[in-house]
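**Q** Next comes start_25.json, JSON, C-alpha atoms:
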[["chain", "number", "residue", "atom", "x", "y", "z"],
["D", 1, "MET", "CA", -2.62, -4.00, -18.40],
["D", 2, "GLU", "CA", -4.09, -0.80, -16.95],
["D", 3, "LYS", "CA", -2.20, 2.41, -17.68],
["D", 4, "THR", "CA", -1.15, 4.32, -14.57],
["D", 5, "LYS", "CA", -2.86, 7.68, -14.46],
["D", 6, "LYS", "CA", -0.96, 10.85, -13.77],
["D", 7, "PHE", "CA", -1.22, 12.50, -10.38],
["D", 8, "GLU", "CA", -3.14, 15.44, -11.86],
["D", 9, "GLU", "CA", -5.64, 13.09, -13.51],
["D", 10, "ASN", "CA", -6.27, 11.37, -10.19],
["D", 11, "ILE", "CA", -6.80, 14.72, -8.45],
["D", 12, "LYS", "CA", -9.23, 15.86, -11.14],
["D", 13, "GLU", "CA", -11.22, 12.61, -10.85],
["D", 14, "LEU", "CA", -11.20, 12.91, -7.06],
["D", 15, "GLU", "CA", -12.55, 16.47, -7.27],
["D", 16, "GLN", "CA", -15.31, 15.31, -9.62],
["D", 17, "ILE", "CA", -16.33, 12.51, -7.23],
["D", 18, "ILE", "CA", -16.38, 14.93, -4.29],
["D", 19, "ASN", "CA", -18.63, 17.30, -6.24],
["D", 20, "GLU", "CA", -21.00, 14.44, -7.10],
["D", 21, "LEU", "CA", -21.15, 13.27, -3.48],
["D", 22, "GLU", "CA", -21.78, 16.81, -2.23],
["D", 23, "THR", "CA", -24.82, 17.26, -4.47],
["D", 24, "GLY", "CA", -26.62, 14.40, -2.72],
["D", 25, "GLU", "CA", -28.34, 13.55, -6.01],
["D", 26, "ILE", "CA", -26.95, 10.01, -6.32],
["D", 27, "ASP", "CA", -28.39, 6.96, -4.58],
["D", 28, "LEU", "CA", -26.77, 5.18, -1.64],
["D", 29, "ASP", "CA", -25.20, 2.34, -3.66],
["D", 30, "GLU", "CA", -23.64, 4.77, -6.13],
["D", 31, "SER", "CA", -22.44, 6.95, -3.24],
["D", 32, "ILE", "CA", -20.70, 3.96, -1.68],
["D", 33, "ASN", "CA", -19.05, 3.08, -5.01],
["D", 34, "LYS", "CA", -17.93, 6.70, -5.51],
["D", 35, "TYR", "CA", -16.58, 6.87, -1.94],
["D", 36, "THR", "CA", -14.63, 3.62, -2.44],
["D", 37, "THR", "CA", -13.15, 4.93, -5.69],
["D", 38, "ALA", "CA", -12.26, 8.21, -4.00],
["D", 39, "MET", "CA", -10.43, 6.44, -1.18],
["D", 40, "LYS", "CA", -8.38, 4.44, -3.72],
["D", 41, "LEU", "CA", -7.49, 7.68, -5.51],
["D", 42, "VAL", "CA", -6.46, 9.31, -2.23],
["D", 43, "LYS", "CA", -4.18, 6.34, -1.49],
["D", 44, "GLU", "CA", -2.59, 6.48, -4.96],
["D", 45, "CYS", "CA", -2.01, 10.24, -4.67],
["D", 46, "ASP", "CA", -0.53, 9.86, -1.18],
["D", 47, "GLU", "CA", 1.86, 7.14, -2.37],
["D", 48, "LYS", "CA", 2.92, 9.28, -5.35],
["D", 49, "LEU", "CA", 3.56, 12.29, -3.10],
["D", 50, "LYS", "CA", 5.67, 10.18, -0.73],
["D", 51, "THR", "CA", 7.73, 8.87, -3.65],
["D", 52, "VAL", "CA", 8.31, 12.37, -4.99],
["D", 53, "GLU", "CA", 9.16, 13.64, -1.51],
["D", 54, "GLU", "CA", 11.83, 10.94, -1.16],
["D", 55, "GLN", "CA", 13.30, 11.87, -4.54],
["D", 56, "VAL", "CA", 13.33, 15.59, -3.76],
["D", 57, "SER", "CA", 14.76, 15.05, -0.29],
["D", 58, "LYS", "CA", 18.05, 13.89, -1.80],
["D", 59, "MET", "CA", 20.47, 16.16, -3.53],
["D", 60, "VAL", "CA", 22.91, 14.66, -6.01],
["D", 61, "LEU", "CA", 26.36, 16.17, -5.69],
["D", 62, "GLU", "CA", 28.67, 16.81, -8.65],
["D", 63, "ASN", "CA", 30.57, 13.59, -7.92],
["D", 64, "GLY", "CA", 27.30, 11.59, -8.13],
["D", 65, "GLU", "CA", 26.93, 10.99, -4.41],
["D", 66, "GLU", "CA", 23.56, 11.59, -2.80],
["D", 67, "GLU", "CA", 23.23, 13.88, 0.19],
["D", 68, "PRO", "CA", 20.14, 14.64, 2.25],
["D", 69, "PHE", "CA", 18.51, 17.91, 1.23],
["D", 70, "GLU", "CA", 17.70, 20.15, 4.14],
["D", 71, "VAL", "CA", 15.97, 23.51, 4.17],
["D", 72, "ILE", "CA", 17.74, 25.93, 6.47],
["D", 73, "ASP", "CA", 15.66, 28.67, 8.10],
["D", 74, "ASN", "CA", 17.44, 32.00, 8.28]]
The structure in this file should be written as structure tokens.

**A**
Amino acid sequence: MEKTKKFEENIKELEQIINELETGEIDLDESINKYTTAMKLVKECDEKLKTVEEQVSKMVLENGEEEPFEVIDN
């Protein structure tokens, strides 16, 4: 079973792939493989961010009930 990587690990790997693609020093097949891996990482990061956003968007009251969390502009 593959261990789920942390968000920060995925971002670091994504940055490394972007740097490799920007150099233009890898062949077409490797570029396609790197691009495919990068897109999977982007999807994983996006899903993680959405999950965290859902968790943060709810505030748990003292009685244990959840209430939507809203930022009020002053």

**Q** With only C-alpha atoms as the atoms that count, which of D:Thr51, D:Leu41, D:Lys34, D:Lys5 lies nearest to Asn19 (chain D)?

**A** D:Lys34

**Q** In Å to one decimal, how far is CA of Glu15 (chain D) from CA of Asp46 (chain D)?

**A**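 Atom-to-atom, CA of Asp46 (chain D) to CA of Glu15 (chain D), that is 15.0 Å.
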
**Q** Env of Lys48 (chain D): 12 Å cut, atoms = all atoms listed in the file, seq-sep filter 4 positions within chain, self excluded. Answer as a ChimeraX atom specification.

**A** /D:4-8,10-11,41-44,52-55

**Q** What does the file look like for those residues with C-alpha atoms, as a tab-separated table (two decimals), keeping the file's coordinate frame?

**A**
chain	number	residue	atom	x	y	z
D	4	THR	CA	-1.15	4.32	-14.57
D	5	LYS	CA	-2.86	7.68	-14.46
D	6	LYS	CA	-0.96	10.85	-13.77
D	7	PHE	CA	-1.22	12.50	-10.38
D	8	GLU	CA	-3.14	15.44	-11.86
D	10	ASN	CA	-6.27	11.37	-10.19
D	11	ILE	CA	-6.80	14.72	-8.45
D	41	LEU	CA	-7.49	7.68	-5.51
D	42	VAL	CA	-6.46	9.31	-2.23
D	43	LYS	CA	-4.18	6.34	-1.49
D	44	GLU	CA	-2.59	6.48	-4.96
D	52	VAL	CA	8.31	12.37	-4.99
D	53	GLU	CA	9.16	13.64	-1.51
D	54	GLU	CA	11.83	10.94	-1.16
D	55	GLN	CA	13.30	11.87	-4.54

**Q** Using all atoms listed in the file, find the one residue out of D:Val56, D:Cys45, D:Ile32, D:Ala38 that sits nearest to Gln16 (chain D).

**A**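 Selected residue with least distance to Gln16 (chain D): D:Ala38.
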
**Q** Mind checking which residues fall within 12 Å of Asn33 (chain D), counting all atoms listed in the file, ignoring those fewer than 5 positions away in the same chain, and posting them as a ChimeraX atom specification?

**A** /D:17,20-21,26-28,38-40

**Q** Would you place a box with edges along x, y and z of the file around all atoms of region 21-29 of chain D listed there, add 8 Å to each of its six sides, and report the centre and edge lengths in Å to one decimal, as JSON?

**A**
{"center_x": -24.8, "center_y": 9.8, "center_z": -4.0, "size_x": 23.2, "size_y": 30.9, "size_z": 20.7}

**Q** Report, in Å to a single decimal, how far apart CA of Glu47 (chain D) and CA of Glu66 (chain D) are.

**A** 22.2 Å

**Q** Rounded to one decimal in Å, what is the spacing between CA of Thr23 (chain D) and CA of Leu49 (chain D)?

**A** 28.8 Å

**Q** Can you sort out region 32-67 of chain D so it carries N, CA and C atoms, written as a PDB file, in the coordinates of the input?

**A**
ATOM      1  N   ILE D  32     -21.702   4.872  -2.260  1.00  0.00           N
ATOM      2  CA  ILE D  32     -20.700   3.960  -1.680  1.00  0.00           C
ATOM      3  C   ILE D  32     -19.624   3.638  -2.711  1.00  0.00           C
ATOM      4  N   ASN D  33     -20.029   3.368  -3.944  1.00  0.00           N
ATOM      5  CA  ASN D  33     -19.050   3.080  -5.010  1.00  0.00           C
ATOM      6  C   ASN D  33     -18.136   4.275  -5.254  1.00  0.00           C
ATOM      7  N   LYS D  34     -18.720   5.469  -5.299  1.00  0.00           N
ATOM      8  CA  LYS D  34     -17.930   6.700  -5.510  1.00  0.00           C
ATOM      9  C   LYS D  34     -16.947   6.910  -4.359  1.00  0.00           C
ATOM     10  N   TYR D  35     -17.433   6.687  -3.129  1.00  0.00           N
ATOM     11  CA  TYR D  35     -16.580   6.870  -1.940  1.00  0.00           C
ATOM     12  C   TYR D  35     -15.410   5.887  -1.988  1.00  0.00           C
ATOM     13  N   THR D  36     -15.686   4.629  -2.354  1.00  0.00           N
ATOM     14  CA  THR D  36     -14.630   3.620  -2.440  1.00  0.00           C
ATOM     15  C   THR D  36     -13.596   4.012  -3.491  1.00  0.00           C
ATOM     16  N   THR D  37     -14.057   4.468  -4.637  1.00  0.00           N
ATOM     17  CA  THR D  37     -13.150   4.930  -5.690  1.00  0.00           C
ATOM     18  C   THR D  37     -12.319   6.109  -5.204  1.00  0.00           C
ATOM     19  N   ALA D  38     -12.970   7.031  -4.516  1.00  0.00           N
ATOM     20  CA  ALA D  38     -12.260   8.210  -4.000  1.00  0.00           C
ATOM     21  C   ALA D  38     -11.162   7.819  -3.025  1.00  0.00           C
ATOM     22  N   MET D  39     -11.435   6.861  -2.153  1.00  0.00           N
ATOM     23  CA  MET D  39     -10.430   6.440  -1.180  1.00  0.00           C
ATOM     24  C   MET D  39      -9.238   5.786  -1.878  1.00  0.00           C
ATOM     25  N   LYS D  40      -9.484   5.030  -2.954  1.00  0.00           N
ATOM     26  CA  LYS D  40      -8.380   4.440  -3.720  1.00  0.00           C
ATOM     27  C   LYS D  40      -7.542   5.540  -4.374  1.00  0.00           C
ATOM     28  N   LEU D  41      -8.206   6.570  -4.894  1.00  0.00           N
ATOM     29  CA  LEU D  41      -7.490   7.680  -5.510  1.00  0.00           C
ATOM     30  C   LEU D  41      -6.646   8.431  -4.491  1.00  0.00           C
ATOM     31  N   VAL D  42      -7.200   8.629  -3.301  1.00  0.00           N
ATOM     32  CA  VAL D  42      -6.460   9.310  -2.230  1.00  0.00           C
ATOM     33  C   VAL D  42      -5.194   8.514  -1.898  1.00  0.00           C
ATOM     34  N   LYS D  43      -5.332   7.188  -1.805  1.00  0.00           N
ATOM     35  CA  LYS D  43      -4.180   6.340  -1.490  1.00  0.00           C
ATOM     36  C   LYS D  43      -3.120   6.438  -2.585  1.00  0.00           C
ATOM     37  N   GLU D  44      -3.545   6.377  -3.853  1.00  0.00           N
ATOM     38  CA  GLU D  44      -2.590   6.480  -4.960  1.00  0.00           C
ATOM     39  C   GLU D  44      -1.869   7.829  -4.945  1.00  0.00           C
ATOM     40  N   CYS D  45      -2.613   8.900  -4.707  1.00  0.00           N
ATOM     41  CA  CYS D  45      -2.010  10.240  -4.670  1.00  0.00           C
ATOM     42  C   CYS D  45      -1.033  10.356  -3.510  1.00  0.00           C
ATOM     43  N   ASP D  46      -1.398   9.813  -2.359  1.00  0.00           N
ATOM     44  CA  ASP D  46      -0.530   9.860  -1.180  1.00  0.00           C
ATOM     45  C   ASP D  46       0.773   9.104  -1.450  1.00  0.00           C
ATOM     46  N   GLU D  47       0.663   7.928  -2.055  1.00  0.00           N
ATOM     47  CA  GLU D  47       1.860   7.140  -2.370  1.00  0.00           C
ATOM     48  C   GLU D  47       2.753   7.883  -3.362  1.00  0.00           C
ATOM     49  N   LYS D  48       2.149   8.527  -4.359  1.00  0.00           N
ATOM     50  CA  LYS D  48       2.920   9.280  -5.350  1.00  0.00           C
ATOM     51  C   LYS D  48       3.651  10.450  -4.678  1.00  0.00           C
ATOM     52  N   LEU D  49       2.944  11.157  -3.799  1.00  0.00           N
ATOM     53  CA  LEU D  49       3.560  12.290  -3.100  1.00  0.00           C
ATOM     54  C   LEU D  49       4.731  11.836  -2.226  1.00  0.00           C
ATOM     55  N   LYS D  50       4.586  10.700  -1.570  1.00  0.00           N
ATOM     56  CA  LYS D  50       5.670  10.180  -0.730  1.00  0.00           C
ATOM     57  C   LYS D  50       6.885   9.818  -1.579  1.00  0.00           C
ATOM     58  N   THR D  51       6.641   9.231  -2.746  1.00  0.00           N
ATOM     59  CA  THR D  51       7.730   8.870  -3.650  1.00  0.00           C
ATOM     60  C   THR D  51       8.468  10.123  -4.129  1.00  0.00           C
ATOM     61  N   VAL D  52       7.705  11.124  -4.528  1.00  0.00           N
ATOM     62  CA  VAL D  52       8.310  12.370  -4.990  1.00  0.00           C
ATOM     63  C   VAL D  52       9.067  13.050  -3.858  1.00  0.00           C
ATOM     64  N   GLU D  53       8.503  13.031  -2.663  1.00  0.00           N
ATOM     65  CA  GLU D  53       9.160  13.640  -1.510  1.00  0.00           C
ATOM     66  C   GLU D  53      10.507  12.980  -1.240  1.00  0.00           C
ATOM     67  N   GLU D  54      10.560  11.646  -1.353  1.00  0.00           N
ATOM     68  CA  GLU D  54      11.830  10.940  -1.160  1.00  0.00           C
ATOM     69  C   GLU D  54      12.853  11.346  -2.217  1.00  0.00           C
ATOM     70  N   GLN D  55      12.387  11.491  -3.458  1.00  0.00           N
ATOM     71  CA  GLN D  55      13.300  11.870  -4.540  1.00  0.00           C
ATOM     72  C   GLN D  55      13.815  13.291  -4.339  1.00  0.00           C
ATOM     73  N   VAL D  56      12.944  14.195  -3.919  1.00  0.00           N
ATOM     74  CA  VAL D  56      13.330  15.590  -3.760  1.00  0.00           C
ATOM     75  C   VAL D  56      14.200  15.776  -2.519  1.00  0.00           C
ATOM     76  N   SER D  57      14.031  14.881  -1.536  1.00  0.00           N
ATOM     77  CA  SER D  57      14.760  15.050  -0.290  1.00  0.00           C
ATOM     78  C   SER D  57      16.241  14.707  -0.416  1.00  0.00           C
ATOM     79  N   LYS D  58      16.645  14.219  -1.584  1.00  0.00           N
ATOM     80  CA  LYS D  58      18.050  13.890  -1.800  1.00  0.00           C
ATOM     81  C   LYS D  58      18.626  14.810  -2.868  1.00  0.00           C
ATOM     82  N   MET D  59      19.786  15.287  -2.590  1.00  0.00           N
ATOM     83  CA  MET D  59      20.470  16.160  -3.530  1.00  0.00           C
ATOM     84  C   MET D  59      21.654  15.374  -4.086  1.00  0.00           C
ATOM     85  N   VAL D  60      21.797  15.370  -5.392  1.00  0.00           N
ATOM     86  CA  VAL D  60      22.910  14.660  -6.010  1.00  0.00           C
ATOM     87  C   VAL D  60      24.053  15.655  -6.187  1.00  0.00           C
ATOM     88  N   LEU D  61      25.175  15.311  -5.604  1.00  0.00           N
ATOM     89  CA  LEU D  61      26.360  16.170  -5.690  1.00  0.00           C
ATOM     90  C   LEU D  61      27.043  15.994  -7.040  1.00  0.00           C
ATOM     91  N   GLU D  62      27.974  16.866  -7.360  1.00  0.00           N
ATOM     92  CA  GLU D  62      28.670  16.810  -8.650  1.00  0.00           C
ATOM     93  C   GLU D  62      29.392  15.493  -8.862  1.00  0.00           C
ATOM     94  N   ASN D  63      29.861  14.861  -7.782  1.00  0.00           N
ATOM     95  CA  ASN D  63      30.570  13.590  -7.920  1.00  0.00           C
ATOM     96  C   ASN D  63      29.616  12.392  -7.986  1.00  0.00           C
ATOM     97  N   GLY D  64      28.289  12.651  -8.005  1.00  0.00           N
ATOM     98  CA  GLY D  64      27.300  11.590  -8.130  1.00  0.00           C
ATOM     99  C   GLY D  64      26.794  11.030  -6.820  1.00  0.00           C
ATOM    100  N   GLU D  65      27.391  11.467  -5.706  1.00  0.00           N
ATOM    101  CA  GLU D  65      26.930  10.990  -4.410  1.00  0.00           C
ATOM    102  C   GLU D  65      25.641  11.716  -4.015  1.00  0.00           C
ATOM    103  N   GLU D  66      24.794  10.987  -3.285  1.00  0.00           N
ATOM    104  CA  GLU D  66      23.560  11.590  -2.800  1.00  0.00           C
ATOM    105  C   GLU D  66      23.772  12.137  -1.396  1.00  0.00           C
ATOM    106  N   GLU D  67      23.139  13.250  -1.128  1.00  0.00           N
ATOM    107  CA  GLU D  67      23.230  13.880   0.190  1.00  0.00           C
ATOM    108  C   GLU D  67      21.833  14.337   0.576  1.00  0.00           C
TER     109      GLU D  67
END
